[in-house]
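Note sheet for the following structure.
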Amino acid sequence: MGKPVDRVGPVSETETAPSYEQARDELVDVVRKLEAGGTTLEESLRLWERGEELARICQGWLDGARARLEAARAAAGAVEVENLDKDG
């Protein structure tokens, strides 16, 4: 995985969304820049907006992972119940 992209703004329609790890790493970089200060108000606002977008991307990945885990657990539970029915 390369260095986080040094740009601000949402992902365009022609770009693919970054992976969770890429978005998280770029978000960490954005937070560091904001915490360090020394940027103009306009740059700070652009960084903040990019951070919000990256946080939404990360949350989307986490929500998707949670849904997959819940589906796998539900499927495993259904198999367990089915196996119990066959044994009985």
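Note on naming: chains are A, B, ... as they come in the structure tokens, residues start from 1 per chain, ligands start from 1 in the order shown.
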Need the shell around Cys58 of chain A: protein/DNA/RNA residues with any atom at most 12 Å away, counting only C-alpha atoms. Skip same-chain ones fewer than 5 positions apart. Format as number ranges by chain? A: 17-28, 51-53, 63-65
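Picture a line from atom CA of Arg46 of chain A to atom CA of Gly60 of chain A; it runs 21.1 Å.
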Residues near segment 33-38 of chain A, cut-off 9 Å, only C-alpha atoms, skip fewer than 6 positions along chain, as a ChimeraX atom specification: /A:44,47-48
Nearest residue to Thr16 of chain A out of A:Asp29, A:Ile57, A:Ala67, A:Arg73, using only C-alpha atoms?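 Closest residue, counting only C-alpha atoms: A:Ile57.
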